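The structure under discussion appears below in the form of structure tokens.
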Amino acid sequence: MNSSLPTVGIIMGSKSDWETMKHAADMLDELSIPFEAHALSAHRNPVQVHEFASTAKDRGIKVIIAAAGMAAALPGVVAAITPLPVLGVPVETRVMGGIDSLLSMVQMPGGIPVGTLAIGKAGAKNAALMSAAIIALSDDELAARLETFRQTQNDTVAELPV
Ligand code: RP5
């Protein structure tokens with residue numbers, strides 16, 4: 001993890017979500033974006049979630065990535081408290097494969113948006129890339145790193161592992 005002050009805050013509903021969210025962390029590391037990560041549940045830790053969300057902007061966080069599974073209230077609750085952009089990652093679940101997480105996250109009432117990504121690993125990686133794109137609007141060095149990432153991806157996407 002980059003040692004500068006974090007500009008992305010990752011919050012997830014359970015330690016069990018880390019297996020998914022490490023893909024967001026890895027992508028942020030690759031782009032040299034400093035981040036912090038916390039396991040806090042909207043249902044099990046409501047006071048700590050409020051503390052995290054209400055202090056994030058003043059601590060220098062620019063984007064929050066919130067991941068949860070099942071009745072995935074966490075991104076919406078965080079978005080209701082902070083003025084920062086909140087990106088939601090629906091975590092895959094055993095019973096419904098993450099459709100439960102996706103629907104409970106994406107169906108926000110008008111007025112409080114959550115930018116919901118895909119279920120699981122792809123959503124976690126893309127949440128990091130979306131965070132990068134948002135922060136890069138006012139950070140030219142990050143914009144250049146993001147462009148390099150995309151160019152490399154473009155140049156290597158057709159390579160087969162043979
Ligand atoms: C949600 O419930 C968490 O985000 C997690 O995806 C799911 C299961 O949590 P654990 O029972 O594994 O802690 O709140």
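We name chains A, B, ... following the order of the structure tokens; residues begin at 1 in each chain, and ligands are numbered from 1 as shown.
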
*10 Å contact set for Ile99 in chain A, only C-alpha atoms, chain neighbours under 6 positions out, as a list in words*: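 My reading of the contact set: Gly69, Met70, Pro90, Val91, Glu92, Thr93, Met105 and Ile119 of chain A.
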
Any chance you can output those residues with C-alpha atoms as a PDB file, in the first residue's frame?
```pdb
ATOM      1  CA  GLY A  69     -23.120  -8.788   0.171  1.00  0.00           C
ATOM      2  CA  MET A  70     -26.675 -10.011   0.847  1.00  0.00           C
ATOM      3  CA  PRO A  90     -21.871  -6.114  -4.919  1.00  0.00           C
ATOM      4  CA  VAL A  91     -20.198  -9.133  -3.327  1.00  0.00           C
ATOM      5  CA  GLU A  92     -21.007 -12.589  -4.695  1.00  0.00           C
ATOM      6  CA  THR A  93     -23.140 -14.623  -2.295  1.00  0.00           C
ATOM      7  CA  MET A 105     -27.265  -1.738  -3.944  1.00  0.00           C
ATOM      8  CA  ILE A 119     -20.726  -8.320  -9.053  1.00  0.00           C
TER       9      ILE A 119
END
```

*Go through the chains and note each residue within 7 Å of ligand 1, using only C-alpha atoms and all ligand atoms, then give the set as a PyMOL selection string.*
chain A and resi 12-17+41+67-72+91+93

Go ahead and write the residues just picked, all heavy atoms, as an mmCIF file, in the first residue's frame.
```cif
data_model
loop_
_atom_site.group_PDB
_atom_site.id
_atom_site.type_symbol
_atom_site.label_atom_id
_atom_site.label_comp_id
_atom_site.auth_asym_id
_atom_site.auth_seq_id
_atom_site.Cartn_x
_atom_site.Cartn_y
_atom_site.Cartn_z
ATOM 1 N N MET A 12 -15.906 -2.270 3.582
ATOM 2 C CA MET A 12 -16.633 -3.497 3.205
ATOM 3 C C MET A 12 -17.383 -4.012 4.415
ATOM 4 O O MET A 12 -16.964 -3.798 5.560
ATOM 5 C CB MET A 12 -15.675 -4.545 2.637
ATOM 6 C CG MET A 12 -14.615 -5.025 3.587
ATOM 7 S SD MET A 12 -13.111 -5.594 2.753
ATOM 8 C CE MET A 12 -12.240 -4.033 2.551
ATOM 9 N N GLY A 13 -18.478 -4.719 4.138
ATOM 10 C CA GLY A 13 -19.379 -5.126 5.215
ATOM 11 C C GLY A 13 -18.840 -6.200 6.126
ATOM 12 O O GLY A 13 -19.344 -6.387 7.238
ATOM 13 N N SER A 14 -17.799 -6.911 5.677
ATOM 14 C CA SER A 14 -17.264 -8.019 6.481
ATOM 15 C C SER A 14 -15.848 -8.322 6.035
ATOM 16 O O SER A 14 -15.475 -8.069 4.882
ATOM 17 C CB SER A 14 -18.136 -9.267 6.274
ATOM 18 O OG SER A 14 -17.516 -10.421 6.809
ATOM 19 N N LYS A 15 -15.078 -8.912 6.950
ATOM 20 C CA LYS A 15 -13.743 -9.382 6.575
ATOM 21 C C LYS A 15 -13.838 -10.384 5.423
ATOM 22 O O LYS A 15 -12.930 -10.506 4.609
ATOM 23 C CB LYS A 15 -13.071 -10.078 7.769
ATOM 24 C CG LYS A 15 -12.407 -9.113 8.736
ATOM 25 C CD LYS A 15 -11.597 -9.854 9.778
ATOM 26 C CE LYS A 15 -12.511 -10.506 10.806
ATOM 27 N NZ LYS A 15 -11.783 -11.029 11.988
ATOM 28 N N SER A 16 -14.963 -11.088 5.365
ATOM 29 C CA SER A 16 -15.121 -12.101 4.305
ATOM 30 C C SER A 16 -15.202 -11.459 2.911
ATOM 31 O O SER A 16 -15.062 -12.148 1.904
ATOM 32 C CB SER A 16 -16.359 -12.968 4.559
ATOM 33 O OG SER A 16 -17.541 -12.192 4.501
ATOM 34 N N ASP A 17 -15.423 -10.151 2.854
ATOM 35 C CA ASP A 17 -15.478 -9.451 1.560
ATOM 36 C C ASP A 17 -14.080 -9.115 1.009
ATOM 37 O O ASP A 17 -13.953 -8.682 -0.132
ATOM 38 C CB ASP A 17 -16.277 -8.146 1.683
ATOM 39 C CG ASP A 17 -17.725 -8.381 2.055
ATOM 40 O OD1 ASP A 17 -18.270 -9.435 1.691
ATOM 41 O OD2 ASP A 17 -18.305 -7.503 2.724
ATOM 42 N N SER A 41 -19.720 -3.071 9.053
ATOM 43 C CA SER A 41 -21.030 -3.417 8.510
ATOM 44 C C SER A 41 -22.073 -2.346 8.843
ATOM 45 O O SER A 41 -22.121 -1.845 9.978
ATOM 46 C CB SER A 41 -21.454 -4.759 9.129
ATOM 47 O OG SER A 41 -22.841 -4.940 9.018
ATOM 48 N N ALA A 67 -18.279 -1.988 -0.432
ATOM 49 C CA ALA A 67 -18.639 -3.332 -0.890
ATOM 50 C C ALA A 67 -19.446 -4.038 0.177
ATOM 51 O O ALA A 67 -19.171 -3.899 1.378
ATOM 52 C CB ALA A 67 -17.372 -4.134 -1.188
ATOM 53 N N ALA A 68 -20.436 -4.796 -0.260
ATOM 54 C CA ALA A 68 -21.207 -5.590 0.698
ATOM 55 C C ALA A 68 -21.935 -6.695 -0.042
ATOM 56 O O ALA A 68 -22.126 -6.637 -1.265
ATOM 57 C CB ALA A 68 -22.196 -4.718 1.462
ATOM 58 N N GLY A 69 -22.350 -7.695 0.734
ATOM 59 C CA GLY A 69 -23.120 -8.788 0.171
ATOM 60 C C GLY A 69 -24.463 -8.907 0.860
ATOM 61 O O GLY A 69 -24.734 -8.223 1.853
ATOM 62 N N MET A 70 -25.326 -9.732 0.300
ATOM 63 C CA MET A 70 -26.675 -10.011 0.847
ATOM 64 C C MET A 70 -27.527 -8.735 0.849
ATOM 65 O O MET A 70 -27.658 -8.092 -0.177
ATOM 66 C CB MET A 70 -26.548 -10.657 2.233
ATOM 67 C CG MET A 70 -25.694 -11.933 2.212
ATOM 68 S SD MET A 70 -25.424 -12.712 3.782
ATOM 69 C CE MET A 70 -27.040 -13.447 4.072
ATOM 70 N N ALA A 71 -28.091 -8.341 1.995
ATOM 71 C CA ALA A 71 -28.869 -7.096 2.082
ATOM 72 C C ALA A 71 -27.853 -5.955 2.157
ATOM 73 O O ALA A 71 -27.554 -5.432 3.228
ATOM 74 C CB ALA A 71 -29.764 -7.116 3.313
ATOM 75 N N ALA A 72 -27.350 -5.559 0.972
ATOM 76 C CA ALA A 72 -26.137 -4.744 0.892
ATOM 77 C C ALA A 72 -26.437 -3.253 1.056
ATOM 78 O O ALA A 72 -26.331 -2.475 0.104
ATOM 79 C CB ALA A 72 -25.414 -5.037 -0.414
ATOM 80 N N VAL A 91 -21.011 -7.933 -3.572
ATOM 81 C CA VAL A 91 -20.198 -9.133 -3.327
ATOM 82 C C VAL A 91 -21.029 -10.372 -3.671
ATOM 83 O O VAL A 91 -22.230 -10.449 -3.381
ATOM 84 C CB VAL A 91 -19.727 -9.163 -1.860
ATOM 85 C CG1 VAL A 91 -19.016 -10.478 -1.537
ATOM 86 C CG2 VAL A 91 -18.791 -7.973 -1.599
ATOM 87 N N THR A 93 -22.632 -13.906 -3.469
ATOM 88 C CA THR A 93 -23.140 -14.623 -2.295
ATOM 89 C C THR A 93 -23.443 -16.078 -2.645
ATOM 90 O O THR A 93 -23.650 -16.398 -3.806
ATOM 91 C CB THR A 93 -24.433 -13.962 -1.768
ATOM 92 O OG1 THR A 93 -25.381 -13.885 -2.843
ATOM 93 C CG2 THR A 93 -24.145 -12.565 -1.249
#
```

*For Leu31 in chain A, which residue among A:Leu137, A:His43, A:Leu129, A:Val63 is the nearest when counting only C-alpha atoms?*
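The answer is A:Leu129, which sits nearest to Leu31 in chain A.
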
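The residue that comes closest to Lys62 in chain A, out of A:Leu160, A:Leu117, A:Ala127, A:Val86 and on the basis of only C-alpha atoms, is A:Val86.
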
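Closest approach to Gly110 in chain A among A:Ala80, A:Ala53, A:Ile65, A:Leu5: A:Ala80, based on only C-alpha atoms.
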
*Considering only C-alpha atoms, state which residue in the set A:Asp155, A:Leu102, A:Gly111, A:Asp29 is at the smallest distance from Pro83 in chain A.*
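For Pro83 in chain A, the nearest of the given residues is A:Gly111.
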
_Which residues are close to Ile64 in chain A, i.e. within 9 Å by only C-alpha atoms, leaving aside same-chain residues fewer than 4 positions away? Reply as a ChimeraX atom specification._
/A:7-11,53,56,75,78-79,84-88,131

Output file for the selection above: N, CA, C and O atoms, as a compact mmCIF listing (two decimals), in the first residue's frame:
```txt
# COMPACT_ATOMS: atom_id res chain seq x y z
N THR A 7 -6.43 8.73 -0.55
CA THR A 7 -7.44 9.50 -1.30
C THR A 7 -8.65 8.64 -1.65
O THR A 7 -9.68 9.15 -2.08
N VAL A 8 -8.51 7.32 -1.49
CA VAL A 8 -9.65 6.41 -1.68
C VAL A 8 -9.89 5.68 -0.37
O VAL A 8 -8.95 5.20 0.26
N GLY A 9 -11.14 5.64 0.03
CA GLY A 9 -11.53 4.88 1.22
C GLY A 9 -12.29 3.64 0.77
O GLY A 9 -13.32 3.76 0.10
N ILE A 10 -11.75 2.48 1.12
CA ILE A 10 -12.49 1.23 0.83
C ILE A 10 -13.14 0.79 2.13
O ILE A 10 -12.49 0.71 3.18
N ILE A 11 -14.44 0.53 2.06
CA ILE A 11 -15.15 0.00 3.22
C ILE A 11 -15.91 -1.23 2.75
O ILE A 11 -16.47 -1.23 1.65
N ALA A 53 -17.95 7.58 7.52
CA ALA A 53 -18.51 8.35 6.40
C ALA A 53 -18.53 9.84 6.68
O ALA A 53 -18.30 10.66 5.79
N ALA A 56 -14.77 11.23 6.36
CA ALA A 56 -13.94 10.85 5.21
C ALA A 56 -13.46 12.07 4.42
O ALA A 56 -12.27 12.19 4.10
N PRO A 75 -23.25 0.72 0.88
CA PRO A 75 -22.97 1.87 0.00
C PRO A 75 -24.02 2.97 0.12
O PRO A 75 -23.68 4.16 0.14
N VAL A 78 -23.61 4.86 3.44
CA VAL A 78 -22.44 5.75 3.38
C VAL A 78 -22.74 6.96 2.49
O VAL A 78 -22.44 8.10 2.85
N ALA A 79 -23.38 6.71 1.34
CA ALA A 79 -23.71 7.81 0.41
C ALA A 79 -24.68 8.80 1.05
O ALA A 79 -24.66 9.99 0.72
N LEU A 84 -19.15 12.80 -0.73
CA LEU A 84 -18.19 12.22 -1.68
C LEU A 84 -18.89 11.24 -2.62
O LEU A 84 -19.91 10.64 -2.26
N PRO A 85 -18.32 11.04 -3.85
CA PRO A 85 -18.87 9.99 -4.71
C PRO A 85 -18.64 8.61 -4.08
O PRO A 85 -17.56 8.33 -3.57
N VAL A 86 -19.69 7.79 -4.11
CA VAL A 86 -19.62 6.44 -3.54
C VAL A 86 -19.84 5.42 -4.65
O VAL A 86 -20.84 5.47 -5.38
N LEU A 87 -18.88 4.51 -4.79
CA LEU A 87 -18.96 3.42 -5.76
C LEU A 87 -19.28 2.13 -5.02
O LEU A 87 -18.63 1.81 -4.02
N GLY A 88 -20.28 1.40 -5.49
CA GLY A 88 -20.70 0.18 -4.80
C GLY A 88 -20.22 -1.06 -5.52
O GLY A 88 -20.31 -1.15 -6.75
N SER A 131 -12.54 5.09 -9.63
CA SER A 131 -11.97 6.03 -8.64
C SER A 131 -10.81 6.79 -9.25
O SER A 131 -10.68 8.01 -9.09
```

*Measuring atom to atom with only C-alpha atoms, identify which of A:Leu28, A:Gly76, A:Lys121, A:Glu36 is nearest to His50 in chain A.*
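The answer is A:Gly76, which sits nearest to His50 in chain A.
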
*Given the choices A:Thr82, A:Thr55, A:Ser32, A:Ser4, which gets closest to Leu146 in chain A if the distance is worked out from only C-alpha atoms?*
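That would be A:Ser32, the residue with the smallest distance to Leu146 in chain A.
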